[in-house]
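Q: File follows, my_file-v5.pdb with PDB, C-alpha atoms and all ligand atoms:
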```pdb
ATOM      1  CA  MET A   1      98.810 112.044  93.364
ATOM      2  CA  TYR A   2      98.881 108.354  93.952
ATOM      3  CA  ALA A   3      97.083 106.124  91.416
ATOM      4  CA  GLY A   4      97.446 108.908  88.840
ATOM      5  CA  HIS A   5     101.208 108.339  88.775
ATOM      6  CA  PHE A   6     100.708 104.728  87.721
ATOM      7  CA  ALA A   7      98.135 105.779  85.137
ATOM      8  CA  ALA A   8     100.753 108.127  83.693
ATOM      9  CA  GLY A   9     103.167 105.168  83.588
ATOM     10  CA  LEU A  10     100.639 103.170  81.583
ATOM     11  CA  ALA A  11     100.159 106.099  79.186
ATOM     12  CA  MET A  12     103.922 106.223  78.662
ATOM     13  CA  LYS A  13     104.022 102.499  77.975
ATOM     14  CA  ALA A  14     101.234 102.952  75.416
ATOM     15  CA  THR A  15     103.162 105.801  73.765
ATOM     16  CA  ALA A  16     106.515 103.974  73.759
ATOM     17  CA  PRO A  17     105.596 100.264  73.634
ATOM     18  CA  ARG A  18     109.215  99.166  73.302
ATOM     19  CA  THR A  19     110.031 100.506  76.769
ATOM     20  CA  PRO A  20     109.594  97.693  79.296
ATOM     21  CA  THR A  21     106.601  98.212  81.598
ATOM     22  CA  TRP A  22     108.192  97.653  85.029
ATOM     23  CA  PRO A  23     110.865 100.332  84.761
ATOM     24  CA  LEU A  24     108.112 102.833  83.887
ATOM     25  CA  LEU A  25     105.802 101.767  86.722
ATOM     26  CA  LEU A  26     108.651 101.782  89.254
ATOM     27  CA  GLY A  27     109.920 105.075  87.842
ATOM     28  CA  VAL A  28     106.651 106.951  88.357
ATOM     29  CA  GLY A  29     106.730 105.982  92.049
ATOM     30  CA  PHE A  30     110.480 106.359  92.566
ATOM     31  CA  LEU A  31     110.295 109.769  94.303
ATOM     32  CA  ASP A  32     107.787 108.394  96.821
ATOM     33  CA  VAL A  33     110.070 105.429  97.534
ATOM     34  CA  LEU A  34     112.887 107.910  98.237
ATOM     35  CA  PHE A  35     110.469 109.987 100.347
ATOM     36  CA  GLY A  36     109.674 106.911 102.481
ATOM     37  CA  VAL A  37     113.357 106.141 102.958
ATOM     38  CA  PHE A  38     114.203 109.777 103.772
ATOM     39  CA  VAL A  39     111.369 110.081 106.319
ATOM     40  CA  VAL A  40     112.532 106.919 108.107
ATOM     41  CA  ALA A  41     116.095 108.242 108.007
ATOM     42  CA  GLY A  42     114.920 111.566 109.498
ATOM     43  CA  VAL A  43     116.081 113.590 106.490
ATOM     44  CA  GLU A  44     112.531 114.574 105.424
ATOM     45  CA  HIS A  45     109.552 115.450 107.598
ATOM     46  CA  VAL A  46     105.814 114.834 107.408
ATOM     47  CA  ARG A  47     103.144 115.636 110.018
ATOM     48  CA  LEU A  48      99.594 114.295 110.270
ATOM     49  CA  THR A  49      96.924 117.006 110.350
ATOM     50  CA  PRO A  50      93.602 115.226 110.990
ATOM     51  CA  GLY A  51      90.606 117.243 109.847
ATOM     52  CA  HIS A  52      92.619 119.466 107.556
ATOM     53  CA  ALA A  53      92.717 118.311 103.921
ATOM     54  CA  PRO A  54      94.623 116.342 102.772
ATOM     55  CA  GLY A  55      95.208 114.998 106.308
ATOM     56  CA  PHE A  56      98.959 115.553 106.445
ATOM     57  CA  SER A  57     101.492 118.298 106.042
ATOM     58  CA  LEU A  58     104.673 117.635 104.085
ATOM     59  CA  ASP A  59     106.940 119.937 106.063
ATOM     60  CA  PHE A  60     110.208 119.112 104.349
ATOM     61  CA  ILE A  61     110.441 116.925 101.243
ATOM     62  CA  ASP A  62     113.082 118.866  99.331
ATOM     63  CA  TRP A  63     115.456 115.943  98.773
ATOM     64  CA  SER A  64     112.895 113.611  97.224
ATOM     65  CA  HIS A  65     110.366 116.026  95.684
ATOM     66  CA  SER A  66     111.983 119.346  94.695
ATOM     67  CA  LEU A  67     112.038 120.350  91.023
ATOM     68  CA  VAL A  68     115.820 120.102  90.732
ATOM     69  CA  MET A  69     116.115 116.827  92.672
ATOM     70  CA  SER A  70     113.285 115.244  90.650
ATOM     71  CA  ALA A  71     115.305 115.889  87.505
ATOM     72  CA  VAL A  72     118.486 114.598  89.202
ATOM     73  CA  TRP A  73     116.811 111.415  90.522
ATOM     74  CA  GLY A  74     115.445 110.905  87.030
ATOM     75  CA  VAL A  75     119.006 110.881  85.676
ATOM     76  CA  VAL A  76     120.179 108.482  88.419
ATOM     77  CA  TYR A  77     117.257 106.178  87.661
ATOM     78  CA  ALA A  78     117.706 106.400  83.895
ATOM     79  CA  LEU A  79     121.385 105.458  84.210
ATOM     80  CA  ALA A  80     120.292 102.082  85.573
ATOM     81  CA  PHE A  81     118.540 101.397  82.241
ATOM     82  CA  VAL A  82     120.960 103.011  79.825
ATOM     83  CA  ARG A  83     122.183  99.603  78.625
ATOM     84  CA  ARG A  84     118.728  99.062  77.138
ATOM     85  CA  GLY A  85     119.247 102.033  74.845
ATOM     86  CA  ALA A  86     118.923 105.802  74.933
ATOM     87  CA  ALA A  87     115.190 105.801  74.190
ATOM     88  CA  VAL A  88     114.410 103.472  77.096
ATOM     89  CA  ALA A  89     116.642 105.514  79.422
ATOM     90  CA  ALA A  90     114.926 108.743  78.301
ATOM     91  CA  TRP A  91     111.480 107.304  79.032
ATOM     92  CA  CYS A  92     112.714 106.134  82.437
ATOM     93  CA  TRP A  93     113.842 109.688  83.167
ATOM     94  CA  ALA A  94     110.441 110.984  82.025
ATOM     95  CA  ALA A  95     108.666 108.481  84.274
ATOM     96  CA  VAL A  96     110.538 109.746  87.348
ATOM     97  CA  PHE A  97     110.127 113.419  86.430
ATOM     98  CA  SER A  98     106.423 112.985  85.636
ATOM     99  CA  HIS A  99     105.955 112.397  89.374
ATOM    100  CA  PHE A 100     106.950 116.004  90.054
ATOM    101  CA  VAL A 101     104.738 117.362  87.263
ATOM    102  CA  LEU A 102     101.645 115.531  88.557
ATOM    103  CA  ASP A 103     102.396 116.344  92.209
ATOM    104  CA  LEU A 104     102.649 119.990  91.153
ATOM    105  CA  LEU A 105      98.896 119.933  90.502
ATOM    106  CA  MET A 106      97.984 118.446  93.889
ATOM    107  CA  HIS A 107     100.494 119.694  96.448
ATOM    108  CA  PRO A 108      99.736 122.938  98.300
ATOM    109  CA  GLY A 109     102.969 124.838  97.728
ATOM    110  CA  ASP A 110     105.230 122.392  99.551
ATOM    111  CA  LEU A 111     107.384 121.495  96.534
ATOM    112  CA  ALA A 112     110.688 123.347  96.687
ATOM    113  CA  VAL A 113     112.480 124.414  93.535
ATOM    114  CA  SER A 114     115.723 122.994  94.963
ATOM    115  CA  PRO A 115     116.713 121.621  98.399
ATOM    116  CA  HIS A 116     116.383 124.334 101.070
ATOM    117  CA  SER A 117     115.335 126.955  98.505
ATOM    118  CA  GLU A 118     112.847 129.624  99.603
ATOM    119  CA  ALA A 119     110.754 129.248  96.459
ATOM    120  CA  HIS A 120     108.014 126.644  96.634
ATOM    121  CA  VAL A 121     105.454 125.607  94.049
ATOM    122  CA  GLY A 122     102.209 123.622  93.897
ATOM    123  CA  LEU A 123      98.731 124.405  92.569
ATOM    124  CA  GLY A 124      97.202 122.826  95.672
ATOM    125  CA  LEU A 125      94.198 120.915  94.354
ATOM    126  CA  TRP A 126      94.325 118.795  97.539
ATOM    127  CA  THR A 127      93.546 121.819  99.700
ATOM    128  CA  ARG A 128      91.536 123.847  97.166
ATOM    129  CA  TRP A 129      89.226 120.937  96.352
ATOM    130  CA  PRO A 130      89.206 118.724  99.484
ATOM    131  CA  THR A 131      87.060 116.139  97.662
ATOM    132  CA  GLY A 132      87.099 117.502  94.096
ATOM    133  CA  TRP A 133      90.750 116.516  93.611
ATOM    134  CA  TRP A 134      89.630 112.895  93.789
ATOM    135  CA  TYR A 135      87.292 113.312  90.779
ATOM    136  CA  PHE A 136      89.980 115.216  88.947
ATOM    137  CA  GLU A 137      92.478 112.367  89.468
ATOM    138  CA  LEU A 138      89.761 109.835  88.599
ATOM    139  CA  ALA A 139      89.251 111.574  85.245
ATOM    140  CA  PHE A 140      93.004 111.515  84.665
ATOM    141  CA  VAL A 141      93.223 107.804  85.539
ATOM    142  CA  ALA A 142      90.246 107.017  83.278
ATOM    143  CA  LEU A 143      91.741 108.983  80.388
ATOM    144  CA  CYS A 144      95.166 107.339  80.653
ATOM    145  CA  GLY A 145      93.533 103.922  81.168
ATOM    146  CA  ALA A 146      91.349 104.280  78.076
ATOM    147  CA  TYR A 147      94.368 105.388  76.039
ATOM    148  CA  TYR A 148      96.346 102.361  77.291
ATOM    149  CA  ILE A 149      93.551  99.931  76.395
ATOM    150  CA  VAL A 150      93.017 101.402  72.922
ATOM    151  CA  ARG A 151      96.733 101.457  72.103
ATOM    152  CA  ALA A 152      97.241  97.933  73.497
ATOM    153  CA  ARG A 153      94.526  96.601  71.227
ATOM    154  CA  ARG A 154      95.974  98.354  68.181
ATOM    155  CA  ASP A 155      99.626  97.552  68.889
ATOM    156  CA  GLY A 156      99.217  93.964  70.047
ATOM    157  CA  THR A 157     102.727  93.745  71.577
ATOM    158  CA  PHE A 158     101.704  94.727  75.115
ATOM    159  CA  GLY A 159      98.675  94.981  77.354
ATOM    160  CA  GLY A 160      97.428  91.399  77.109
ATOM    161  CA  HIS A 161      95.723  92.068  80.451
ATOM    162  CA  ALA A 162      94.991  95.731  79.772
ATOM    163  CA  TRP A 163      91.539  95.722  81.400
ATOM    164  CA  TRP A 164      92.912  94.069  84.541
ATOM    165  CA  VAL A 165      95.830  96.461  84.776
ATOM    166  CA  VAL A 166      93.598  99.510  84.387
ATOM    167  CA  GLY A 167      91.132  97.986  86.860
ATOM    168  CA  ILE A 168      93.886  97.615  89.468
ATOM    169  CA  VAL A 169      94.942 101.265  89.052
ATOM    170  CA  LEU A 170      91.290 102.348  89.376
ATOM    171  CA  ALA A 171      90.944 100.196  92.513
ATOM    172  CA  LEU A 172      94.067 101.858  93.944
ATOM    173  CA  HIS A 173      92.434 105.205  93.320
ATOM    174  CA  VAL A 174      89.232 104.137  95.086
ATOM    175  CA  THR A 175      91.210 103.071  98.180
ATOM    176  CA  ASN A 176      92.786 106.526  98.169
ATOM    177  CA  SER A 177      89.492 108.438  98.305
ATOM    178  CA  PRO A 178      89.120 111.298 100.809
ATOM    179  CA  TRP A 179      86.103 109.475 102.291
ATOM    180  CA  LEU A 180      88.166 106.420 103.201
ATOM    181  CA  SER A 181      91.567 107.726 104.177
ATOM    182  CA  PRO A 182      93.162 111.152 104.405
ATOM    183  CA  THR A 183      96.164 110.338 102.251
ATOM    184  CA  GLY A 184      97.311 111.347  98.839
TER     185      GLY A 184
HETATM  186 ZN    ZN B   1     105.066 112.058  95.668
END
```
Just dump the structure as structure tokens.
A:
Amino acid sequence: MYAGHFAAGLAMKATAPRTPTWPLLLGVGFLDVLFGVFVVAGVEHVRLTPGHAPGFSLDFIDWSHSLVMSAVWGVVYALAFVRRGAAVAAWCWAAVFSHFVLDLLMHPGDLAVSPHSEAHVGLGLWTRWPTGWWYFELAFVALCGAYYIVRARRDGTFGGHAWWVVGIVLALHVTNSPWLSPTG
């Protein structure tokens, strides 16, 4: 998932309005930031597979994207916000870990349980539904976006630009369509 992660961040903000927005939005993408760093460092490996959905093969992403490491990175990330209170730190952990949960739907069995473990998980919507996954994620983004807008209007303490924010996440999702680029 790509835009869907940010939509999940918005849904968390709408559920816990007292958690600052940026830590949530950075948190949902934190594992991908680590992935980028680890690929450059040669610790993790990705291969492009043109013509085969989703267009790349994540050969080794155990340090950024395994179940155990997602939980661990969540703790590391949450520690950075612990001064803002336990509730904020807990939501920051949830933001990081939500990345694994959502990737679980999309990834084709390339998510290890722990680094170098034999067991891998992933429902594989990317490969099962080479274009259908995009509509699935669109529905998820729309649902989270609608929830964010409704809650922002009711709460009044956040989401002054709710329509713009949701529009940007939707635009991100459009740029990530299987008809434009083979990424996910
Ligand atoms: Zn990811």
Q: Write out as JSON, numbers by chain each polymer residue (protein, DNA or RNA) that has an atom no more than 9 Å from ligand ZN 1 (chain B), with all atoms listed in the file counted.
A: {"A": [1, 2, 5, 29, 30, 31, 32, 33, 35, 64, 65, 99, 100, 102, 103, 107, 184]}
Q: Using all atoms listed in the file, which residues sit within 12 Å of stretch 47-50 of chain A once same-chain residues fewer than 3 positions away are excluded, as a list in words?
A: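 In the requested format, the answer is Val39, Glu44, Ala53, Pro54, Gly55, Phe56, Ser57, Leu58, Asp59, Phe60, Ile61, Pro178, Ser181, Pro182 and Thr183 of chain A.
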Q: Atom CA of A:Gly74 and atom CA of A:Thr15 are how many Å apart?
A: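 These atoms are spaced 18.8 Å apart.
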Q: Specify as an MDAnalysis selection string each residue included when the PyMOL selection byres (((chain A and resi 138-150) around 8) and not hetatm) is applied to this file.
A: chainID A and resid 3:4 7:8 10:11 13:14 134:137 151:154 159 162:163 166 169:170 173
Q: Nearest to A:Trp93: which of A:Ser70, A:Ser114, A:Ser177, A:Thr131 is it, counting all atoms listed in the file?
A: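 Looking at the shortest contact to A:Trp93, the residue is A:Ser70.
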Q: Can you sort out stretch 5-19 of chain A so it carries N, CA and C atoms, written as a CSV table (one decimal), in the coordinates of the input?
A:
```csv
chain,number,residue,atom,x,y,z
A,5,HIS,N,99.8,108.6,89.2
A,5,HIS,CA,101.2,108.3,88.8
A,5,HIS,C,101.3,107.1,87.9
A,6,PHE,N,100.7,106.0,88.4
A,6,PHE,CA,100.7,104.7,87.7
A,6,PHE,C,100.0,104.8,86.4
A,7,ALA,N,98.9,105.6,86.4
A,7,ALA,CA,98.1,105.8,85.1
A,7,ALA,C,99.0,106.5,84.1
A,8,ALA,N,99.8,107.4,84.6
A,8,ALA,CA,100.8,108.1,83.7
A,8,ALA,C,101.8,107.1,83.2
A,9,GLY,N,102.2,106.2,84.0
A,9,GLY,CA,103.2,105.2,83.6
A,9,GLY,C,102.6,104.3,82.5
A,10,LEU,N,101.3,104.0,82.6
A,10,LEU,CA,100.6,103.2,81.6
A,10,LEU,C,100.5,104.0,80.3
A,11,ALA,N,100.2,105.3,80.4
A,11,ALA,CA,100.2,106.1,79.2
A,11,ALA,C,101.5,106.2,78.5
A,12,MET,N,102.6,106.2,79.3
A,12,MET,CA,103.9,106.2,78.7
A,12,MET,C,104.2,104.9,78.0
A,13,LYS,N,103.8,103.8,78.6
A,13,LYS,CA,104.0,102.5,78.0
A,13,LYS,C,103.3,102.4,76.6
A,14,ALA,N,102.1,103.0,76.6
A,14,ALA,CA,101.2,103.0,75.4
A,14,ALA,C,101.8,103.8,74.3
A,15,THR,N,102.5,104.9,74.7
A,15,THR,CA,103.2,105.8,73.8
A,15,THR,C,104.5,105.2,73.2
A,16,ALA,N,105.2,104.6,74.1
A,16,ALA,CA,106.5,104.0,73.8
A,16,ALA,C,106.5,102.5,74.1
A,17,PRO,N,105.8,101.7,73.3
A,17,PRO,CA,105.6,100.3,73.6
A,17,PRO,C,106.9,99.5,73.8
A,18,ARG,N,108.0,100.0,73.2
A,18,ARG,CA,109.2,99.2,73.3
A,18,ARG,C,109.9,99.4,74.6
A,19,THR,N,109.5,100.3,75.4
A,19,THR,CA,110.0,100.5,76.8
A,19,THR,C,109.4,99.5,77.7
```
